[in-house]
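This report concerns only the one structure given below.
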Amino acid sequence: MVASKRAKRITIADVAREAGASVATVSRVLNGVDTVAPGLAERVRAAILDLGYRPSAAAQGLARGRSGTIGVLVPDLANPYFHDIIKAVSVVARDAGSRVLIMDSNEDPAVERELTEDLIRHADGLLLCSPRMPRGDLAALADRGTPMLVTNRQVPGLAMHSITVDFFRGIMALCGHLAQLGHRKVVYLEGPAGAWANSERLRALSGAEAFGLRVHSVPCGSTTDEGYAAAPAALDSGATAVIAYNDFVALGVLARFSELGVKVPDDMSLTGFDEIDMARFSAPPLTTVAVPRDRLGQIAGEALGRIMTGDDDIEPEVVPVELRVRSSTGALS
């Protein structure tokens with residue numbers, strides 16, 4: 001039995017021969033150019049249908065000066081916070097006929113500018129998620145004229161569209177919750193120094209005295225390992241409650257506390273931020289602040305799509321958050 005040969009791929013040249021037209025004419029018909037005579041254009045369309053020709057989306061994009069791609073830069077792909085945003089953006093992009101190209105800066109502000117420049121060469125529009133790069137680099141990128149949107153960063157005076165999360169209110173909600181439980185001294189495990197989300201948390205904590213709280217800050221980071229390493233310093237602070245930069249950090253603290261024999265919340269209350277899935281399944285489950293990342297990604301994807309079509313009337317939007325109280329926080333005994 002002779003195996004059937006793989007069907008020959010139909011090319012634009014095949015369509016041109018079938019229609020009795022030039023390749024350039026077929027290309028113009030495919031790209032919607034109306035300078036082709038109606039009769040000839042109809043022959044080309046008939047040949048396309050008869051041969052079952054399927055044009056390359058990439059080739060069509062290049063012909064129109066577009067790649068059909070949205071570039072997304074994130075600081076850490078290992079963080080599910082960004083997974084959820086990317087997933088929502090991808091749904092919006094797919095519905096619009098675009099693809100998504102993702103780059104990870106590995107929490108290194110020094111490489112963000114270079115990675116963004118790479119994305120500019122390959123994408124029609126850019127989404128920068130929580131960029132850490134200096135303001136001057138953002139300003140230079142904004143001047144490039146590429147459609148661009150930033151999430152989780154506000155840069156006053158810079159002509160760059162942004163969608164942010166209300167981190168300030170989230171921290172204030174945590175402060176109010178801990179104060180109601182009787183806590184008076186808390187320790188904050190700081191996030192990445194260049195993160196706007198961290199600066200917003202610090203800004204909120206600077207007003208914690210209104211709740212009767214004193215706040216001591218400890219440098220930390222955004223990962224579970226960094227939370228684990230910072231746990232002893234949190235204990236040494238003399239605080240009765242820990243506010244971790246995010247849930248990852250809180251889970252690292254929780255693991256170290258368990259090793260040290262520190263009971264949560266009996267000996268120390270602990271809160272996270274972001275509401276990653278693991279926050280509900282830790283022991284004890286984490287009190288945290290829920291960030292609607294799918295909604296954030298959807299809003300960002302839709303806004304970027306509008307910017308890419310020339311709509312510059314995009315108002316900054318702040319996505320609300322919600323306090324989720326669980327058993328990692330308790331009343332001060």
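Convention: chains lettered A, B, ... in structure tokens order; per-chain residue numbering from 1; ligands numbered from 1 as shown.
Summary of the local environment: counting only C-alpha atoms, residues at most 7 Å from region 313-325 of chain A, other than itself and those fewer than 3 positions away along its chain, are His161, Ser162, Ile163, Thr164, Val165, Asp166, Gly170, Ala173, Thr287, Thr288, Val289, Ala290, Val291, Pro292, Leu296 and Ala303 of chain A.
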What does the file look like for those residues with N, CA, C and O atoms, as a short mmCIF file (atom, residue, chain, number, x, y, z; two decimals), in the first residue's frame?
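Saved as selection11.cif:
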```cif
data_model
loop_
_atom_site.label_atom_id
_atom_site.label_comp_id
_atom_site.auth_asym_id
_atom_site.auth_seq_id
_atom_site.Cartn_x
_atom_site.Cartn_y
_atom_site.Cartn_z
N HIS A 161 -0.73 56.09 29.11
CA HIS A 161 -1.98 55.59 29.66
C HIS A 161 -1.71 54.56 30.75
O HIS A 161 -0.78 53.76 30.63
N SER A 162 -2.56 54.55 31.80
CA SER A 162 -2.34 53.61 32.90
C SER A 162 -3.64 53.08 33.46
O SER A 162 -4.67 53.77 33.48
N ILE A 163 -3.59 51.82 33.90
CA ILE A 163 -4.66 51.17 34.64
C ILE A 163 -4.02 50.65 35.93
O ILE A 163 -3.04 49.91 35.87
N THR A 164 -4.55 51.04 37.08
CA THR A 164 -3.92 50.68 38.33
C THR A 164 -4.90 49.97 39.27
O THR A 164 -6.10 49.95 39.04
N VAL A 165 -4.34 49.43 40.35
CA VAL A 165 -5.11 48.78 41.40
C VAL A 165 -5.06 49.68 42.64
O VAL A 165 -4.05 50.34 42.90
N ASP A 166 -6.15 49.67 43.40
CA ASP A 166 -6.22 50.54 44.58
C ASP A 166 -5.49 49.89 45.76
O ASP A 166 -6.09 49.49 46.77
N GLY A 170 -6.44 49.00 49.92
CA GLY A 170 -6.26 47.64 50.41
C GLY A 170 -5.46 47.61 51.70
O GLY A 170 -5.83 46.90 52.66
N ALA A 173 -7.47 48.98 54.56
CA ALA A 173 -8.43 47.99 55.05
C ALA A 173 -7.75 47.00 55.99
O ALA A 173 -8.32 46.61 57.04
N THR A 287 -5.50 35.72 55.74
CA THR A 287 -6.22 36.98 55.56
C THR A 287 -5.44 37.78 54.53
O THR A 287 -4.21 37.90 54.62
N THR A 288 -6.13 38.30 53.53
CA THR A 288 -5.44 38.97 52.44
C THR A 288 -6.35 40.00 51.78
O THR A 288 -7.47 40.22 52.23
N VAL A 289 -5.85 40.64 50.76
CA VAL A 289 -6.63 41.61 49.98
C VAL A 289 -6.75 41.04 48.57
O VAL A 289 -5.74 40.76 47.91
N ALA A 290 -7.98 40.87 48.12
CA ALA A 290 -8.22 40.28 46.81
C ALA A 290 -8.12 41.33 45.71
O ALA A 290 -8.80 42.35 45.76
N VAL A 291 -7.25 41.08 44.75
CA VAL A 291 -7.11 41.93 43.57
C VAL A 291 -7.75 41.20 42.39
O VAL A 291 -7.35 40.09 42.06
N PRO A 292 -8.76 41.79 41.74
CA PRO A 292 -9.42 41.13 40.61
C PRO A 292 -8.54 41.17 39.36
O PRO A 292 -8.74 41.97 38.45
N LEU A 296 -8.61 43.26 35.83
CA LEU A 296 -7.52 44.17 35.49
C LEU A 296 -6.98 43.86 34.10
O LEU A 296 -6.78 44.76 33.28
N ALA A 303 -8.41 48.46 26.73
CA ALA A 303 -7.91 49.83 26.60
C ALA A 303 -6.76 49.89 25.60
O ALA A 303 -6.69 50.81 24.77
#
```
List as a compact mmCIF listing (two decimals) with all heavy atoms, in the first residue's frame the protein and nucleic acid residues near Ala244 (chain A), meaning an atom at most 6 Å away when only C-alpha atoms are counted, but skip any in the same chain fewer than 3 places from it.
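This is the output file out.txt:
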```
# COMPACT_ATOMS: atom_id res chain seq x y z
N TYR A 188 5.86 45.63 58.52
CA TYR A 188 5.58 45.48 57.09
C TYR A 188 6.81 44.93 56.40
O TYR A 188 7.91 45.50 56.50
CB TYR A 188 5.20 46.84 56.48
CG TYR A 188 5.12 46.82 54.96
CD1 TYR A 188 4.29 45.92 54.31
CD2 TYR A 188 5.88 47.70 54.19
CE1 TYR A 188 4.21 45.89 52.92
CE2 TYR A 188 5.80 47.68 52.81
CZ TYR A 188 4.97 46.77 52.18
OH TYR A 188 4.90 46.74 50.82
N LEU A 189 6.64 43.83 55.70
CA LEU A 189 7.72 43.25 54.90
C LEU A 189 7.63 43.83 53.50
O LEU A 189 6.72 43.52 52.73
CB LEU A 189 7.60 41.72 54.87
CG LEU A 189 7.67 41.04 56.24
CD1 LEU A 189 7.65 39.52 56.09
CD2 LEU A 189 8.91 41.48 57.01
N VAL A 249 5.08 36.18 49.86
CA VAL A 249 5.91 36.51 51.01
C VAL A 249 5.28 35.96 52.29
O VAL A 249 5.96 35.37 53.14
CB VAL A 249 6.11 38.03 51.11
CG1 VAL A 249 6.77 38.42 52.44
CG2 VAL A 249 6.96 38.55 49.95
N ALA A 250 3.97 36.14 52.42
CA ALA A 250 3.28 35.65 53.62
C ALA A 250 3.42 34.14 53.77
O ALA A 250 3.60 33.63 54.89
CB ALA A 250 1.81 36.05 53.56
N THR A 271 -0.84 38.73 57.50
CA THR A 271 -1.68 39.04 56.34
C THR A 271 -0.84 39.03 55.07
O THR A 271 0.36 39.31 55.09
CB THR A 271 -2.37 40.41 56.46
OG1 THR A 271 -1.42 41.46 56.21
CG2 THR A 271 -2.99 40.62 57.84
N GLY A 272 -1.51 38.73 53.98
CA GLY A 272 -0.88 38.81 52.67
C GLY A 272 -1.52 39.91 51.84
O GLY A 272 -2.13 40.84 52.37
```
| message | Let's see if you can do this: from backbone DSSP, list all strand (DSSP E) residues in region 143-191 of chain A, as number ranges by chain. | response | A: 148-151, 161-165, 185-189
| request: Show which residues sit within 12 Å of Ala24 (chain A), as number ranges by chain. Count only C-alpha atoms, and ignore same-chain residues fewer than 5 positions away. | output: A: 12-13, 15-17, 29-31, 33, 35-36, 41, 44, 63
| request: Find the spatial neighbours of region 136-139 of chain A, counting only C-alpha atoms, within a cut-off of 7 Å - ignore same-chain residues fewer than 4 positions away - and output them as a ChimeraX atom specification. | output: /A:113,143,158
Given the selection you just returned, output its residues as a file containing N, CA, C and O atoms, formatted as a PDB file, in the first residue's frame.
```pdb
ATOM      1  N   ARG A 113      14.162  48.162  29.977  1.00  0.00           N
ATOM      2  CA  ARG A 113      14.209  49.044  28.805  1.00  0.00           C
ATOM      3  C   ARG A 113      14.615  48.256  27.561  1.00  0.00           C
ATOM      4  O   ARG A 113      14.000  48.384  26.488  1.00  0.00           O
ATOM      5  N   ASP A 143       7.939  58.418  24.152  1.00  0.00           N
ATOM      6  CA  ASP A 143       8.233  59.284  23.005  1.00  0.00           C
ATOM      7  C   ASP A 143       8.387  58.500  21.701  1.00  0.00           C
ATOM      8  O   ASP A 143       8.418  59.110  20.625  1.00  0.00           O
ATOM      9  N   LEU A 158       3.674  62.306  32.847  1.00  0.00           N
ATOM     10  CA  LEU A 158       4.121  61.508  31.705  1.00  0.00           C
ATOM     11  C   LEU A 158       2.922  61.115  30.854  1.00  0.00           C
ATOM     12  O   LEU A 158       1.925  60.608  31.367  1.00  0.00           O
TER      13      LEU A 158
END
```
| task | Step one, run DSSP on the backbone; step two, keep only residues of region 12-259 of chain A assigned to alpha helix (DSSP H); then write them as a VMD selection string. | result | chain A and resid 12 to 19 23 to 30 38 to 51 57 to 63 80 to 95 109 to 122 135 to 142 167 to 180 196 to 205 224 to 236 247 to 259
Report as a tab-separated table: every residue of region 42-113 of chain A with an atom at most 12 Å from region 218-229 of chain A, its closest pair of atoms, and their distance in Å to one decimal, counting only C-alpha atoms, with rows sorted by chain and ascending residue number.
```
residue	atom	partner	partner_atom	distance
A:Pro75	CA	A:Ser222	CA	10.6
A:Asp76	CA	A:Ser222	CA	9.5
A:Leu77	CA	A:Thr223	CA	11.7
A:Ala78	CA	A:Thr223	CA	9.2
A:Asn79	CA	A:Thr223	CA	8.2
A:Pro80	CA	A:Thr223	CA	11.3
A:Tyr81	CA	A:Ser222	CA	11.2
A:Asn106	CA	A:Ser222	CA	11.4
A:Glu107	CA	A:Ser222	CA	9.3
```
For the interface of region 45-114 of chain A with region 148-152 of chain A (cut-off 10 Å, counting only C-alpha atoms), please tabulate each contacting residue of region 45-114 of chain A alongside its nearest pair of atoms and their separation in Å to one decimal, rows sorted by chain and increasing number, as a Markdown table.
```
| residue | atom | partner | partner_atom | distance |
| --- | --- | --- | --- | --- |
| A:Ile70 | CA | A:Met148 | CA | 9.8 |
| A:Gly71 | CA | A:Met148 | CA | 9.4 |
| A:Val72 | CA | A:Leu149 | CA | 9.7 |
| A:Leu73 | CA | A:Val150 | CA | 9.7 |
| A:Ile85 | CA | A:Thr151 | CA | 9.9 |
```
Could those selected residues go to a file with N, CA and C atoms, as a CSV table (one decimal), in the first residue's frame?
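So again34.csv came out as:
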```csv
chain,number,residue,atom,x,y,z
A,70,ILE,N,0.6,41.7,20.2
A,70,ILE,CA,0.6,42.6,21.4
A,70,ILE,C,1.8,42.1,22.2
A,71,GLY,N,2.7,43.0,22.6
A,71,GLY,CA,3.8,42.7,23.5
A,71,GLY,C,3.4,42.9,24.9
A,72,VAL,N,3.8,42.0,25.8
A,72,VAL,CA,3.5,42.1,27.2
A,72,VAL,C,4.8,41.9,28.0
A,73,LEU,N,5.2,42.9,28.9
A,73,LEU,CA,6.4,42.7,29.7
A,73,LEU,C,5.9,42.6,31.2
A,85,ILE,N,-3.3,38.1,34.8
A,85,ILE,CA,-3.5,39.2,34.0
A,85,ILE,C,-3.2,38.9,32.5
```
